[in-house]
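Contents: one structure, followed by commentary.
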Amino acid sequence: VGQGKGFTPERLLALPDLSLREAGLSANKLLAIQDLARKTVDGTVPPLARVRRMSDADLIEHLTQVRGIGQWTVEMLLIFRLGRPDILPVDDYGVRKGFMVMNGLKEMPKPKALLAYGERWRPYRTVVSWYLWRAADLPVGTFAPL
């Protein structure tokens with residue numbers, strides 16, 4: 001399909017399915033990458049310059065239309081690629097477990113409860129997420145409740 005600027009969605013879509021399967025893509029990955037390419041061509045997936053200007057919610061709305069891309073995937077993009085400061089991925093196992101450890105809970109919180117609790121951390125919920133990921137590896141009772 002090409003390298004650098006030669007790697008385009010159009011070139012990917014022009015390849016026969018068999019070529020992509022022989023390159024190691026499973027049937028599901030093949031469908032996902034083709035959907036991503038089609039949605040890039042039709043504008044559903046915006047170019048990076050526009051992505052940087054979009055709100056978190058708008059970006060989640062656009063990208064989750066692509067097969068295989070869910071909210072968690074977009075939240076990871078928002079945190080690690082775009083450096084957004086206020087993302088709390090409440091469906092993330094590590095974030096939920098870290099909250100449980102930091103608060104000495106016997107069970108992980110439900111995503112909805114964590115989202116409500118996390119309002120107090122605005123506008124820096126991404127930073128809290130980093131700490132929760134690290135706390136997930138510690139024994140329960142290591143911290144005083146938040």
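So you can find residues: chains in the structure tokens are A, B, ... in the order shown, residues in each start at 1, and ligands are numbered from 1 in order.
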DSSP alpha helix (DSSP H) residues within segment 44-91 of chain A, listed as a PyMOL selection string: chain A and resi 48-51+56-63+71-80
Output N, CA, C and O atoms of each residue in that selection to a file, as a PDB file, in the first residue's frame.
ATOM      1  N   LEU A  48      -6.016  14.927  10.825  1.00  0.00           N
ATOM      2  CA  LEU A  48      -5.400  15.242  12.115  1.00  0.00           C
ATOM      3  C   LEU A  48      -5.493  16.725  12.466  1.00  0.00           C
ATOM      4  O   LEU A  48      -5.728  17.076  13.624  1.00  0.00           O
ATOM      5  N   ALA A  49      -5.344  17.594  11.493  1.00  0.00           N
ATOM      6  CA  ALA A  49      -5.423  19.040  11.767  1.00  0.00           C
ATOM      7  C   ALA A  49      -6.791  19.398  12.356  1.00  0.00           C
ATOM      8  O   ALA A  49      -6.898  20.207  13.272  1.00  0.00           O
ATOM      9  N   ARG A  50      -7.852  18.767  11.833  1.00  0.00           N
ATOM     10  CA  ARG A  50      -9.196  19.025  12.358  1.00  0.00           C
ATOM     11  C   ARG A  50      -9.407  18.326  13.698  1.00  0.00           C
ATOM     12  O   ARG A  50     -10.054  18.868  14.593  1.00  0.00           O
ATOM     13  N   VAL A  51      -8.853  17.131  13.837  1.00  0.00           N
ATOM     14  CA  VAL A  51      -8.966  16.367  15.087  1.00  0.00           C
ATOM     15  C   VAL A  51      -8.472  17.204  16.258  1.00  0.00           C
ATOM     16  O   VAL A  51      -9.096  17.241  17.316  1.00  0.00           O
ATOM     17  N   ASP A  56     -13.680  16.816  22.743  1.00  0.00           N
ATOM     18  CA  ASP A  56     -13.567  15.402  23.101  1.00  0.00           C
ATOM     19  C   ASP A  56     -14.821  14.642  22.677  1.00  0.00           C
ATOM     20  O   ASP A  56     -14.739  13.579  22.062  1.00  0.00           O
ATOM     21  N   ALA A  57     -15.982  15.184  23.001  1.00  0.00           N
ATOM     22  CA  ALA A  57     -17.251  14.511  22.690  1.00  0.00           C
ATOM     23  C   ALA A  57     -17.444  14.351  21.184  1.00  0.00           C
ATOM     24  O   ALA A  57     -17.890  13.285  20.723  1.00  0.00           O
ATOM     25  N   ASP A  58     -17.116  15.377  20.400  1.00  0.00           N
ATOM     26  CA  ASP A  58     -17.267  15.283  18.949  1.00  0.00           C
ATOM     27  C   ASP A  58     -16.330  14.229  18.365  1.00  0.00           C
ATOM     28  O   ASP A  58     -16.699  13.482  17.468  1.00  0.00           O
ATOM     29  N   LEU A  59     -15.129  14.187  18.883  1.00  0.00           N
ATOM     30  CA  LEU A  59     -14.171  13.206  18.389  1.00  0.00           C
ATOM     31  C   LEU A  59     -14.637  11.784  18.719  1.00  0.00           C
ATOM     32  O   LEU A  59     -14.561  10.887  17.866  1.00  0.00           O
ATOM     33  N   ILE A  60     -15.135  11.580  19.921  1.00  0.00           N
ATOM     34  CA  ILE A  60     -15.665  10.265  20.294  1.00  0.00           C
ATOM     35  C   ILE A  60     -16.820   9.892  19.371  1.00  0.00           C
ATOM     36  O   ILE A  60     -16.896   8.771  18.866  1.00  0.00           O
ATOM     37  N   GLU A  61     -17.698  10.849  19.116  1.00  0.00           N
ATOM     38  CA  GLU A  61     -18.852  10.593  18.245  1.00  0.00           C
ATOM     39  C   GLU A  61     -18.411  10.178  16.835  1.00  0.00           C
ATOM     40  O   GLU A  61     -18.932   9.234  16.254  1.00  0.00           O
ATOM     41  N   HIS A  62     -17.428  10.877  16.274  1.00  0.00           N
ATOM     42  CA  HIS A  62     -16.960  10.576  14.918  1.00  0.00           C
ATOM     43  C   HIS A  62     -16.236   9.238  14.844  1.00  0.00           C
ATOM     44  O   HIS A  62     -16.533   8.416  13.975  1.00  0.00           O
ATOM     45  N   LEU A  63     -15.283   9.043  15.727  1.00  0.00           N
ATOM     46  CA  LEU A  63     -14.421   7.871  15.590  1.00  0.00           C
ATOM     47  C   LEU A  63     -15.095   6.570  15.994  1.00  0.00           C
ATOM     48  O   LEU A  63     -14.734   5.505  15.479  1.00  0.00           O
ATOM     49  N   GLN A  71     -15.342   3.754  22.591  1.00  0.00           N
ATOM     50  CA  GLN A  71     -15.048   4.950  23.374  1.00  0.00           C
ATOM     51  C   GLN A  71     -13.690   4.854  24.061  1.00  0.00           C
ATOM     52  O   GLN A  71     -12.936   5.819  24.092  1.00  0.00           O
ATOM     53  N   TRP A  72     -13.363   3.680  24.615  1.00  0.00           N
ATOM     54  CA  TRP A  72     -12.077   3.519  25.306  1.00  0.00           C
ATOM     55  C   TRP A  72     -10.920   3.807  24.355  1.00  0.00           C
ATOM     56  O   TRP A  72      -9.963   4.491  24.721  1.00  0.00           O
ATOM     57  N   THR A  73     -11.002   3.308  23.135  1.00  0.00           N
ATOM     58  CA  THR A  73      -9.937   3.535  22.155  1.00  0.00           C
ATOM     59  C   THR A  73      -9.753   5.020  21.884  1.00  0.00           C
ATOM     60  O   THR A  73      -8.622   5.526  21.845  1.00  0.00           O
ATOM     61  N   VAL A  74     -10.851   5.730  21.730  1.00  0.00           N
ATOM     62  CA  VAL A  74     -10.773   7.171  21.473  1.00  0.00           C
ATOM     63  C   VAL A  74     -10.235   7.894  22.704  1.00  0.00           C
ATOM     64  O   VAL A  74      -9.431   8.822  22.581  1.00  0.00           O
ATOM     65  N   GLU A  75     -10.631   7.466  23.882  1.00  0.00           N
ATOM     66  CA  GLU A  75     -10.109   8.097  25.101  1.00  0.00           C
ATOM     67  C   GLU A  75      -8.596   7.925  25.202  1.00  0.00           C
ATOM     68  O   GLU A  75      -7.888   8.858  25.618  1.00  0.00           O
ATOM     69  N   MET A  76      -8.073   6.772  24.796  1.00  0.00           N
ATOM     70  CA  MET A  76      -6.619   6.564  24.819  1.00  0.00           C
ATOM     71  C   MET A  76      -5.934   7.496  23.818  1.00  0.00           C
ATOM     72  O   MET A  76      -4.874   8.065  24.098  1.00  0.00           O
ATOM     73  N   LEU A  77      -6.550   7.704  22.655  1.00  0.00           N
ATOM     74  CA  LEU A  77      -6.042   8.665  21.671  1.00  0.00           C
ATOM     75  C   LEU A  77      -6.038  10.073  22.266  1.00  0.00           C
ATOM     76  O   LEU A  77      -5.056  10.812  22.137  1.00  0.00           O
ATOM     77  N   LEU A  78      -7.137  10.430  22.920  1.00  0.00           N
ATOM     78  CA  LEU A  78      -7.253  11.764  23.518  1.00  0.00           C
ATOM     79  C   LEU A  78      -6.173  11.988  24.583  1.00  0.00           C
ATOM     80  O   LEU A  78      -5.594  13.073  24.665  1.00  0.00           O
ATOM     81  N   ILE A  79      -5.897  10.965  25.373  1.00  0.00           N
ATOM     82  CA  ILE A  79      -4.898  11.099  26.440  1.00  0.00           C
ATOM     83  C   ILE A  79      -3.479  11.071  25.879  1.00  0.00           C
ATOM     84  O   ILE A  79      -2.683  11.981  26.126  1.00  0.00           O
ATOM     85  N   PHE A  80      -3.155  10.009  25.146  1.00  0.00           N
ATOM     86  CA  PHE A  80      -1.754   9.745  24.815  1.00  0.00           C
ATOM     87  C   PHE A  80      -1.275  10.363  23.511  1.00  0.00           C
ATOM     88  O   PHE A  80      -0.077  10.605  23.356  1.00  0.00           O
TER      89      PHE A  80
END
Mind checking which residues fall within 10 Å of Met100 of chain A, counting only C-alpha atoms, ignoring those fewer than 3 positions away in the same chain, and posting them as a PyMOL selection string? chain A and resi 94-97+103-109+132+135-136+140-141+145
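The coordinates place atom CA of Val66 of chain A at 27.9 Å from atom CA of Gly118 of chain A.
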Can you pull out every residue within 10 Å of Pro85 of chain A, counting only C-alpha atoms, but drop anything in the same chain fewer than 2 positions away, and send it as a VMD selection string? chain A and resid 78 to 79 82 to 83 87 to 88 122 to 128
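When only C-alpha atoms are used to compute distances to Pro139 of chain A, the closest of the residues A:Val101, A:Ala27, A:Ala37, A:Ala113 turns out to be A:Val101.
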So that I can check the surroundings of Leu36 of chain A, please list as a VMD selection string every protein, DNA and RNA residue that reaches within 10 Å of it, counting only C-alpha atoms and ignoring chain neighbours fewer than 6 positions away. chain A and resid 9 13 30 42 44 to 45 63 65 to 69
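Separating atom CA of Arg81 of chain A from atom CA of Ser26 of chain A is a distance of 26.1 Å.
Atom CA of Asp86 of chain A is found 14.3 Å from atom CA of Leu114 of chain A.
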